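Participant: See data_18.txt below, with compact mmCIF, C-alpha atoms.
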```txt
# COMPACT_ATOMS: atom_id res chain seq x y z
CA MET A 4 -20.36 26.66 -18.70
CA THR A 5 -20.83 24.66 -15.50
CA GLU A 6 -19.40 26.35 -12.44
CA PRO A 7 -16.93 24.43 -10.25
CA LEU A 8 -18.50 22.48 -7.42
CA PRO A 9 -18.12 23.99 -3.92
CA PHE A 10 -16.28 20.91 -2.69
CA LEU A 11 -13.21 19.00 -3.83
CA THR A 12 -13.94 15.61 -2.26
CA VAL A 13 -17.22 13.71 -2.10
CA LEU A 14 -17.56 10.69 0.16
CA PHE A 15 -20.29 8.25 -0.83
CA ASP A 16 -22.19 5.69 1.14
CA VAL A 17 -23.06 2.72 -1.10
CA ASP A 18 -26.11 0.77 0.09
CA GLY A 19 -29.31 2.71 -0.56
CA THR A 20 -27.34 5.68 -1.87
CA LEU A 21 -25.76 4.36 -5.06
CA VAL A 22 -27.15 0.82 -5.10
CA ASP A 23 -30.71 -0.29 -4.35
CA SER A 24 -29.70 -2.89 -1.79
CA ASN A 25 -31.22 -1.91 1.55
CA ALA A 26 -34.17 -4.32 1.24
CA ALA A 27 -31.79 -7.17 0.43
CA HIS A 28 -29.72 -6.38 3.51
CA ALA A 29 -32.80 -6.25 5.75
CA GLU A 30 -34.16 -9.53 4.39
CA THR A 31 -30.90 -11.44 4.69
CA TRP A 32 -30.11 -10.15 8.16
CA THR A 33 -33.60 -11.15 9.27
CA ARG A 34 -33.29 -14.65 7.86
CA ALA A 35 -29.83 -15.14 9.39
CA LEU A 36 -31.08 -14.01 12.78
CA VAL A 37 -34.16 -16.24 12.67
CA GLU A 38 -32.04 -19.22 11.67
CA HIS A 39 -29.97 -18.60 14.81
CA GLY A 40 -32.98 -18.44 17.12
CA VAL A 41 -33.66 -14.70 17.23
CA ASN A 42 -37.39 -14.01 16.90
CA VAL A 43 -37.33 -10.89 14.72
CA ASP A 44 -39.01 -9.62 11.56
CA VAL A 45 -37.87 -7.40 8.69
CA ALA A 46 -39.68 -4.37 10.12
CA ALA A 47 -37.48 -4.48 13.22
CA VAL A 48 -34.27 -4.88 11.23
CA ARG A 49 -34.93 -2.34 8.48
CA PRO A 50 -34.29 0.80 10.60
CA LEU A 51 -30.83 -0.54 11.49
CA ILE A 52 -29.64 -0.92 7.90
CA GLY A 53 -26.82 1.56 7.39
CA MET A 54 -25.01 0.44 10.52
CA GLY A 55 -22.42 -2.30 10.44
CA GLY A 56 -22.91 -5.67 12.07
CA ASP A 57 -20.98 -4.39 15.09
CA LYS A 58 -23.92 -2.09 15.82
CA LEU A 59 -26.83 -4.07 14.38
CA LEU A 60 -26.29 -7.35 16.20
CA PRO A 61 -26.16 -5.87 19.73
CA ALA A 62 -29.21 -3.72 18.94
CA VAL A 63 -31.47 -6.44 17.56
CA ALA A 64 -30.07 -9.67 18.98
CA GLY A 65 -28.19 -8.64 22.12
CA VAL A 66 -24.98 -10.30 20.93
CA GLU A 67 -21.60 -8.93 19.93
CA GLU A 68 -20.39 -9.48 16.37
CA SER A 69 -17.06 -10.67 17.78
CA SER A 70 -18.70 -13.46 19.82
CA PRO A 71 -18.95 -16.98 18.34
CA ARG A 72 -22.73 -16.66 17.97
CA GLY A 73 -22.51 -13.18 16.51
CA ALA A 74 -19.80 -14.23 14.07
CA ALA A 75 -21.94 -17.17 12.94
CA MET A 76 -24.90 -14.85 12.34
CA ALA A 77 -22.72 -12.43 10.36
CA ARG A 78 -21.26 -15.24 8.23
CA ARG A 79 -24.71 -16.57 7.42
CA LYS A 80 -25.94 -13.11 6.51
CA LYS A 81 -23.02 -12.68 4.10
CA GLU A 82 -23.82 -16.02 2.46
CA LEU A 83 -27.46 -15.08 1.99
CA PHE A 84 -26.67 -11.58 0.75
CA LYS A 85 -24.09 -12.83 -1.75
CA ALA A 86 -26.85 -14.76 -3.50
CA LYS A 87 -28.84 -11.51 -3.95
CA VAL A 88 -26.00 -9.43 -5.42
CA PRO A 89 -26.64 -10.42 -9.08
CA ALA A 90 -30.12 -8.87 -8.85
CA LEU A 91 -28.97 -5.51 -7.45
CA ARG A 92 -29.23 -2.35 -9.52
CA PRO A 93 -27.88 1.20 -9.17
CA THR A 94 -30.15 3.91 -7.87
CA PRO A 95 -31.51 6.35 -10.50
CA GLY A 96 -28.74 8.45 -12.02
CA ALA A 97 -25.95 6.96 -9.90
CA ARG A 98 -23.38 6.45 -12.66
CA ALA A 99 -24.24 9.73 -14.39
CA LEU A 100 -23.74 11.64 -11.13
CA LEU A 101 -20.40 9.99 -10.43
CA GLU A 102 -19.19 10.62 -13.98
CA PHE A 103 -20.30 14.26 -13.70
CA LEU A 104 -18.45 14.76 -10.42
CA ARG A 105 -15.34 12.98 -11.72
CA ASP A 106 -15.32 15.14 -14.86
CA GLN A 107 -15.47 18.21 -12.61
CA GLY A 108 -12.20 17.05 -11.03
CA THR A 109 -13.85 15.96 -7.79
CA THR A 110 -12.20 13.19 -5.79
CA LEU A 111 -14.73 10.40 -5.18
CA VAL A 112 -14.27 8.09 -2.20
CA VAL A 113 -16.40 5.21 -0.91
CA ALA A 114 -17.22 5.39 2.80
CA THR A 115 -19.39 2.39 3.68
CA SER A 116 -20.17 0.22 6.69
CA ALA A 117 -19.94 -2.87 4.46
CA GLY A 118 -16.79 -5.00 4.31
CA ASP A 119 -14.27 -4.67 1.48
CA ARG A 120 -15.32 -7.72 -0.54
CA GLU A 121 -19.02 -7.01 -0.24
CA MET A 122 -18.52 -3.35 -1.14
CA GLN A 123 -16.54 -4.25 -4.25
CA ALA A 124 -19.07 -6.87 -5.34
CA ILE A 125 -21.99 -4.46 -4.95
CA LEU A 126 -20.29 -1.62 -6.81
CA GLU A 127 -19.10 -3.88 -9.62
CA GLN A 128 -22.59 -5.33 -10.01
CA ALA A 129 -23.97 -1.79 -10.30
CA GLY A 130 -21.24 -0.75 -12.77
CA LEU A 131 -19.81 1.91 -10.46
CA TYR A 132 -16.58 0.54 -8.97
CA ASP A 133 -14.28 2.04 -11.60
CA LEU A 134 -15.39 5.61 -10.93
CA PHE A 135 -13.89 5.94 -7.45
CA SER A 136 -10.46 7.24 -6.56
CA ALA A 137 -10.39 5.32 -3.29
CA HIS A 138 -12.50 2.93 -1.24
CA THR A 139 -12.92 2.67 2.52
CA SER A 140 -15.09 0.21 4.41
CA LYS A 141 -15.64 -1.13 7.91
CA ASP A 142 -12.35 -3.02 7.43
CA ASP A 143 -10.61 0.37 7.69
CA ALA A 144 -12.33 1.44 10.92
CA GLU A 145 -12.74 0.36 14.51
CA GLU A 146 -16.42 1.28 14.61
CA SER A 147 -19.07 1.50 11.88
CA LYS A 148 -21.53 4.36 11.35
CA PRO A 149 -22.86 6.37 13.08
CA ASP A 150 -19.38 6.54 14.61
CA PRO A 151 -17.16 8.75 12.43
CA ASP A 152 -14.32 6.24 11.95
CA ILE A 153 -15.14 5.31 8.35
CA VAL A 154 -15.64 8.93 7.31
CA LEU A 155 -12.35 9.95 8.90
CA ALA A 156 -10.57 7.02 7.24
CA ALA A 157 -12.00 8.04 3.85
CA MET A 158 -10.87 11.64 4.34
CA ALA A 159 -7.40 10.51 5.36
CA ARG A 160 -7.10 8.25 2.32
CA ALA A 161 -8.08 11.12 0.02
CA HIS A 162 -5.98 13.72 1.90
CA ALA A 163 -9.23 15.69 2.09
CA ARG A 164 -9.79 18.91 4.01
CA PRO A 165 -13.05 19.18 6.02
CA GLU A 166 -13.97 22.56 4.54
CA SER A 167 -14.01 21.15 0.99
CA THR A 168 -15.51 17.72 1.69
CA VAL A 169 -19.11 16.47 1.79
CA MET A 170 -20.69 13.10 2.59
CA VAL A 171 -23.58 11.72 0.50
CA GLY A 172 -25.74 9.07 2.17
CA ASP A 173 -29.28 7.86 2.70
CA THR A 174 -29.60 7.32 6.46
CA PRO A 175 -29.37 9.35 9.67
CA TYR A 176 -26.26 7.27 10.43
CA ASP A 177 -24.44 8.80 7.45
CA ILE A 178 -25.44 12.29 8.55
CA GLU A 179 -24.35 11.71 12.15
CA ALA A 180 -21.04 10.13 11.11
CA ALA A 181 -20.31 13.08 8.84
CA ALA A 182 -21.18 15.63 11.54
CA ARG A 183 -18.95 13.86 14.05
CA ALA A 184 -16.14 13.95 11.48
CA GLY A 185 -16.65 17.70 11.01
CA ILE A 186 -18.14 17.71 7.51
CA PRO A 187 -21.63 18.37 6.06
CA ALA A 188 -23.85 15.71 4.52
CA ILE A 189 -26.25 15.52 1.60
CA ALA A 190 -29.08 13.00 2.02
CA LEU A 191 -30.86 10.95 -0.64
CA ARG A 192 -34.34 9.50 -0.16
CA CYS A 193 -33.77 6.55 -2.50
CA GLY A 194 -32.67 4.29 0.35
CA GLY A 195 -36.26 4.25 1.56
CA HIS A 196 -37.65 4.03 5.11
CA TRP A 197 -36.45 7.41 6.43
CA THR A 198 -38.49 10.61 6.42
CA ASP A 199 -37.14 14.08 5.73
CA ALA A 200 -37.47 14.77 9.44
CA ASP A 201 -35.10 11.86 10.10
CA LEU A 202 -32.64 13.33 7.59
CA GLN A 203 -32.94 16.93 8.74
CA GLY A 204 -29.28 17.21 9.70
CA ALA A 205 -28.32 17.18 6.00
CA ILE A 206 -27.62 20.43 4.18
CA HIS A 207 -29.74 19.19 1.24
CA ILE A 208 -32.16 16.29 0.69
CA PHE A 209 -32.80 14.89 -2.79
CA ASP A 210 -34.80 11.97 -4.12
CA ASP A 211 -31.83 10.19 -5.70
CA PRO A 212 -28.51 10.83 -7.51
CA ALA A 213 -30.34 12.04 -10.61
CA ALA A 214 -32.20 14.69 -8.59
CA PHE A 215 -28.94 15.79 -6.94
CA GLN A 216 -27.32 16.32 -10.33
CA ALA A 217 -30.40 18.08 -11.73
CA TRP A 218 -30.35 20.48 -8.77
CA TRP A 219 -26.70 21.26 -9.34
CA ASP A 220 -27.30 21.85 -13.06
CA ARG A 221 -30.10 24.31 -12.21
CA THR A 222 -27.95 26.05 -9.63
CA ALA A 223 -25.06 26.40 -12.05
CA ALA A 224 -27.36 27.67 -14.81
CA ALA A 225 -28.91 30.25 -12.49
CA GLY A 226 -25.48 31.55 -11.55
CA SER A 227 -24.10 31.74 -15.09
```
With the file now loaded, output its structure as C-alpha cells.
Facilitator:
Amino acid sequence: MTEPLPFLTVLFDVDGTLVDSNAAHAETWTRALVEHGVNVDVAAVRPLIGMGGDKLLPAVAGVEESSPRGAAMARRKKELFKAKVPALRPTPGARALLEFLRDQGTTLVVATSAGDREMQAILEQAGLYDLFSAHTSKDDAEESKPDPDIVLAAMARAHARPESTVMVGDTPYDIEAAARAGIPAIALRCGGHWTDADLQGAIHIFDDPAAFQAWWDRTAAAGS
C-alpha cells in the first residue's frame, strides 16, 4: 500500500516542468525582440525563461513591459508563441504524476509566470488542464518569479499551509520564489539549460515527472 505523501498541496510551474515549451518561449521572445530592434540571440534569452515579461524585458532589452515599446514586444511574442502551441507536448510522465498525486488526495495548483490564457492553452494542449484544483498565473500577482507573489497567490487560493506545501519547478526562479514564500521546492531537469548546481536550493532534483514518481514509489515501497 502506498504511504500518504508528506505534503497536502503541490504547486506546479508549467513551462519546462509539465510541458516541453521552454525552447519555444526562448525562440519567440528572441524573434519578437529582434523585430523591435533589439540585437539579441536565443542564447542570451534562454537563461531568462521562467521569469515573466516584467523581468525578462528589462533584463534583455532595457525596457519595461508596461511601456509602449515593451507592450508591443510582449504582444508580438504572444502572437508568435500562440502559433507554436499546437506542437507542444507534455514532459515525460507529467499526466501520470498529476493523476497519482490527485488520487492520493493532494491538492494540485498551477503557479506560473505565464498569463491566464496562455497557461490554459498550454495545459489543454498537453492534456493536463483538467487535473488541477486551481490555477494561478502572473495575472494574479504584482511581480513574476523569482518574486514570491505567484507562489503566495497559489497558496492562498488553495488555503494551503506552508508546512504541508511544496513547489515543483525547473528553474532557479521557481526555487527562489518558493523559498521566499516559505516553502520547499523540488526541481526537475526536463526544462533544460540549468545544471544541478543552479538548482541546488531544491530539496530533491529529478530528471522529469516520471522520475519524481518513480522515486516516490521506491520510497514508499522501502517504508512498507
Participant: Taking 3 positions as the minimum chain separation for residues in the same chain, which residues sit within 7 Å of A:Val41 when counting all atoms listed in the file? Answer as a ChimeraX atom specification.
Facilitator: /A:36-37,64
Participant: May I have the selected residues written with C-alpha atoms, as an mmCIF file, in the frame of the given file?
Facilitator:
```
data_model
loop_
_atom_site.group_PDB
_atom_site.id
_atom_site.type_symbol
_atom_site.label_atom_id
_atom_site.label_comp_id
_atom_site.auth_asym_id
_atom_site.auth_seq_id
_atom_site.Cartn_x
_atom_site.Cartn_y
_atom_site.Cartn_z
ATOM 1 C CA LEU A 36 -31.080 -14.010 12.780
ATOM 2 C CA VAL A 37 -34.160 -16.240 12.670
ATOM 3 C CA ALA A 64 -30.070 -9.670 18.980
#
```
Participant: Which one of A:Val112, A:Ile206, A:Ala97, A:Ala214 sits closest to A:Ile153 if you count only C-alpha atoms?
Facilitator: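 Closest to A:Ile153 of all the choices is A:Val112.
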Participant: What's around stretch 131-142 of chain A at 9 Å? Count only C-alpha atoms, leave out sequence neighbours fewer than 2 positions away in its own chain, and write the answer as a VMD selection string.
Facilitator: chain A and resid 21 55 93 97 to 98 101 to 102 105 110 to 119 122 to 129 144 to 148 152 to 154 156 to 157 160 to 161
Participant: Can you work out which one of A:Ala213, A:Pro149, A:Ala205, A:Leu83 has the shortest atom-to-atom distance to A:Val169, counting all atoms listed in the file?
Facilitator: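 Of A:Ala213, A:Pro149, A:Ala205, A:Leu83, the one nearest A:Val169 is A:Ala205, counting all atoms listed in the file.
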Participant: Could you list, as a list in words, every residue within 8 Å of stretch 191-194 of chain A, counting all atoms listed in the file and ignoring same-chain residues fewer than 2 positions away?
Facilitator: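 The residues that qualify are Asp18, Gly19, Thr20, Asp23, Asn25, Thr94, Val171, Gly172, Asp173, Thr174, Ile189, His196, Trp197, Thr198, Asp199, Ile208, Phe209, Asp210, Asp211 and Pro212 of chain A.
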Participant: Could you jot down the atom CA of A:Lys81 to atom CA of A:Ile178 separation for me, Å, one decimal place?
Facilitator: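 Those two atoms sit 25.5 Å apart.
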Participant: Just give me the gap between atom CA of A:Leu104 and atom CA of A:Val13 in Å, one decimal is fine.
Facilitator: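 Going from atom CA of A:Leu104 over to atom CA of A:Val13 covers 8.5 Å.
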Participant: Between A:Gly73, A:Phe103, A:Gly96, A:Val63, single out the one closest to A:Gly130, counting only C-alpha atoms.
Facilitator: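 Smallest distance to A:Gly130 is found for A:Gly96.
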Participant: Give me the residues near A:Ala74 as a PyMOL selection string, where near means some atom within 12 Å (using all atoms listed in the file) and where sequence neighbours in that chain fewer than 4 positions away do not count.
Facilitator: chain A and resi 35-36+39+56-57+60-61+66-70+78-81
Participant: Quick one, how far is atom CA of A:His28 from atom CA of A:Gly40?
Facilitator: 18.5 Å
Participant: Measuring between all atoms listed in the file, which one of A:Ala29, A:Leu14, A:Met76, A:Ala200 shows the shortest distance to A:Asp177?
Facilitator: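 Between A:Ala29, A:Leu14, A:Met76, A:Ala200, the residue approaching A:Asp177 most closely is A:Leu14.
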Participant: Here is a test: counting only C-alpha atoms, which residue of A:Ala224, A:Ala27, A:Ala163, A:Met158 is nearest to A:Ala90?
Facilitator: A:Ala27
Participant: Skip A:Val48 itself and residues of its chain fewer than 3 positions away, then list as a list in words all residues within 9 Å of it, counting all atoms listed in the file.
Facilitator: Ala29, Glu30, Trp32, Thr33, Val43, Asp44, Val45, Leu51, Ile52, Leu59 and Val63 of chain A
